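Everything below concerns the one structure shown next.
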Amino acid sequence: MATRQKIGVIGGGQLAWMMAIAAKHLGVELAIQAASSDDTAVNVADRVIYGEVADASATAKLAEYCQVITFENEFVDLVSLQKLINQTGDRGLLFLPKLETLAISVDKLNQRQHFRDHQIPTPEFYSVDTELELLASADHLSYPLVLKARRHGYDGKGTWVIGNEIELRAAWESMHKSPAIAEAFIPFERELAVIVARSESGEIVIYPVVETLQTNQVCRRTIAPARVDPKVREKVENIAKQIVTTLDAIGVFGIEFFLTAAGEVSVNEIAPRTHNSGHYTIEGCQTSQFEQLLRVVSGRQLGNVSMIEPVAVMVNLLGFENASGIDADYLDKRKTIASFPNTHIHWYNKTRSAIGRKLGHVTILAETHDIAIDISDRIEHIWYSN
């Protein structure tokens with residue numbers, strides 16, 4: 001199969017930005033569908049089409065310049081994209097991952113049902129469309145439980161850990177009673193994640209299993225490789241292979257897991273795209289997750305996923321204030337952090353700060369976990385010192 005040289009991405013945020021940088025390294029053209037000129041990827045992409053993620057008319061314009069289109073996030077309108085495919089006919093508009101895969105992976109109920117149907121370990125769950133189903137799910141699960149919007153959740157948005165019926169009703173009201181799932185709360189010891197890539201020929205590569213540390217359900221830090229028993233790593237890798245194979249998934253996928261004290265592993269959720277837990281791969285692995293996605297969708301051979309140094313730790317630089325502009329304090333802190341050895345800063349150049357918003361990240365490479373985590377602690381102390 002001849003390689004594809006013109007790639008489109010729906011979305012213009014930091015994931016598209018890092019993909020655009022990787023595209024220049026790989027020698028492919030990248031066009032993006034961005035919501036505004038302030039989007040992070042706009043100044044790096046080879047071509048920009050303006051339109052919201054769910055704007056299928058903008059995607060139709062994007063398709064005029066591309067041989068294949070992939071995704072930065074899951075907020076797409078699948079019905080409209082399918083209509084575009086039908087309209088192009090023999091010209092063959094190609095989306096990767098395929099829309100059939102996205103239909104399962106972007107909807108948390110569809111995800112859970114797929115896992116259940118394929119004996120993939122996942123928390124007990126119930127569909128919630130009515131108040132009667134909401135209260136019945138609580139009777140089945142008991143408290144605490146987790147309530148999740150079926151679509152459009154990220155960084156803790158659309159997810160509530162519920163302790164009683166008052167909280168349950170309040171969360172349901174705050175979601176405007178939109179379709180949801182209620183699921184069992186897993187008393188996890190650690191949260192794990194893995195990036196897996198699968199090509200059109202079915203070849204699979206799996207990056208090192210990592211630990212993720214969350215604050216208010218936003219990833220604060222990723223530790224690669226995870227400090228877990230080899231048997232746990234093997235379980236995670238086997239489940240990751242099973243997921244992408246049963247989904248006939250083509251692309252790069254971030255998969256999040258719960259690990260209990262008893263060593264049990266279950267799937268939290270999957271993201272049909274590059275993922276925050278894989279940012280460490282830019283400096284930490286032979287092939288970054290962003291180059292890997294471009295390799296998949298352009299029809300190239302998959303890249304080597306081995307680590308360059310024994311340990312990599314990624315620290316998210318989260319906003320610590322709500323402001324329409326980026327405070328000079330951020331710049332001073334970045335300069336201090338840049339002085340640490342074997343430390344790589346990625347700043348997303350966003351024009352607005354919000355508490356908990358991802359403004360950038362830092363990756364530390366080291367010989368040992370202790371060294372990398374010590375530097376990470378010092379970086380976080382500097383970043384959040386005020």
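Chain lettering (A, B, ...) mirrors the order of the structure tokens, residue numbering begins at 1 for each chain separately, and ligand numbering begins at 1 in order of display.
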
- Counting only C-alpha atoms, what is within 10 Å of A:Ala226, bar same-chain residues fewer than 3 positions away, as a list in words? Arg190, Glu191, Leu192, Ala193, Val194, Pro208, Val209, Val210, Glu211, Thr212, Thr222, Ile223, Asp229, Pro230, Val232, Arg233, Val311 and His369 of chain A

- Excluding A:Ile239 and any residue of its chain fewer than 6 positions from it, enumerate the residues within 12 Å of it, using only C-alpha atoms, and give them as a PyMOL selection string. chain A and resi 115+118-122+193-196+206+209+232-233+245-246+255-257+265-268+270

Keeping N, CA and C atoms, export the residues of the selection given above as a short mmCIF file (atom, residue, chain, number, x, y, z; two decimals), in the first residue's frame.
data_model
loop_
_atom_site.label_atom_id
_atom_site.label_comp_id
_atom_site.auth_asym_id
_atom_site.auth_seq_id
_atom_site.Cartn_x
_atom_site.Cartn_y
_atom_site.Cartn_z
N PHE A 115 -17.18 -4.18 26.53
CA PHE A 115 -16.31 -4.91 27.45
C PHE A 115 -17.03 -6.13 28.02
N HIS A 118 -17.41 -9.00 25.60
CA HIS A 118 -16.17 -9.68 25.23
C HIS A 118 -15.36 -10.12 26.45
N GLN A 119 -16.03 -10.22 27.60
CA GLN A 119 -15.41 -10.71 28.83
C GLN A 119 -14.15 -9.93 29.20
N ILE A 120 -14.19 -8.63 28.95
CA ILE A 120 -13.10 -7.74 29.35
C ILE A 120 -13.47 -7.15 30.71
N PRO A 121 -12.61 -7.31 31.72
CA PRO A 121 -12.98 -6.88 33.08
C PRO A 121 -13.26 -5.39 33.17
N THR A 122 -14.42 -5.04 33.72
CA THR A 122 -14.84 -3.65 33.83
C THR A 122 -15.81 -3.54 34.99
N ALA A 193 -2.34 3.12 33.03
CA ALA A 193 -2.75 3.44 31.66
C ALA A 193 -1.74 2.86 30.69
N VAL A 194 -2.18 2.73 29.45
CA VAL A 194 -1.26 2.25 28.41
C VAL A 194 -1.70 2.84 27.07
N ILE A 195 -0.72 3.13 26.24
CA ILE A 195 -0.97 3.56 24.87
C ILE A 195 -0.73 2.35 23.97
N VAL A 196 -1.69 2.06 23.10
CA VAL A 196 -1.56 0.94 22.17
C VAL A 196 -1.89 1.43 20.76
N ILE A 206 2.54 -2.00 21.82
CA ILE A 206 2.06 -1.52 23.11
C ILE A 206 3.20 -0.80 23.82
N VAL A 209 3.49 0.17 30.22
CA VAL A 209 2.39 0.45 31.13
C VAL A 209 2.85 1.53 32.12
N VAL A 232 1.04 -8.02 36.58
CA VAL A 232 0.05 -6.95 36.36
C VAL A 232 0.26 -6.32 34.99
N ARG A 233 1.53 -6.04 34.64
CA ARG A 233 1.82 -5.49 33.31
C ARG A 233 1.31 -6.41 32.22
N THR A 245 -8.30 -5.34 19.27
CA THR A 245 -8.63 -6.39 18.30
C THR A 245 -10.14 -6.55 18.16
N THR A 246 -10.85 -6.60 19.29
CA THR A 246 -12.30 -6.79 19.20
C THR A 246 -13.00 -5.57 18.63
N ILE A 255 -5.75 3.75 27.04
CA ILE A 255 -6.64 2.90 27.84
C ILE A 255 -6.28 3.06 29.31
N GLU A 256 -7.27 3.37 30.13
CA GLU A 256 -7.07 3.59 31.55
C GLU A 256 -7.60 2.39 32.34
N PHE A 257 -6.88 2.04 33.41
CA PHE A 257 -7.20 0.86 34.21
C PHE A 257 -7.23 1.20 35.70
N VAL A 265 -7.20 -6.23 37.89
CA VAL A 265 -7.15 -5.15 36.90
C VAL A 265 -8.49 -5.06 36.20
N SER A 266 -9.03 -3.85 36.09
CA SER A 266 -10.26 -3.64 35.31
C SER A 266 -10.11 -2.37 34.49
N VAL A 267 -10.85 -2.30 33.40
CA VAL A 267 -10.75 -1.16 32.49
C VAL A 267 -11.64 -0.02 33.00
N ASN A 268 -11.08 1.15 33.11
CA ASN A 268 -11.86 2.34 33.43
C ASN A 268 -12.50 2.86 32.14
N ILE A 270 -11.57 4.00 27.62
CA ILE A 270 -10.63 4.11 26.50
C ILE A 270 -10.86 5.44 25.79
#

- Message: I'd like to know which residues of stretch 77-170 of chain A are alpha helix (DSSP H) (by DSSP, run on the backbone); could you write them as a PyMOL selection string?
- Response: chain A and resi 78-88+99-105+108-117+131-141+165-170

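Nearest to A:Lys108 of all the residues A:Gly27, A:Pro179, A:Gly251, A:Gly356 is A:Pro179, counting only C-alpha atoms.
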
- Expected answer as a PyMOL selection string: strand (DSSP E or B) residues in stretch 153-359 of chain A: chain A and resi 154+157+159-162+180-184+190-198+204-206+210-215+218-224+251-259+265-271+285+307+311-318+323+343-347+353+358-359

- Query: Of the candidates A:Lys358, A:Arg300, A:Lys98, A:Lys231, which shows the shortest atom-to-atom distance to A:Ala2, using only C-alpha atoms?
  - Reply: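 Result for the nearest residue to A:Ala2: A:Arg300.
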
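Here atom CA of A:Gly11 stands at a distance of 20.9 Å from atom CA of A:Glu269.
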
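Between atom CA of A:Leu93 and atom CA of A:Lys24 the interatomic distance comes to 23.5 Å.
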
- Message: Given only C-alpha atoms as the basis, pick out the residue of A:Asn322, A:Gln14, A:Ser80, A:Asn316 nearest to A:Val218.
- Response: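 For A:Val218, the nearest of the given residues is A:Asn316.
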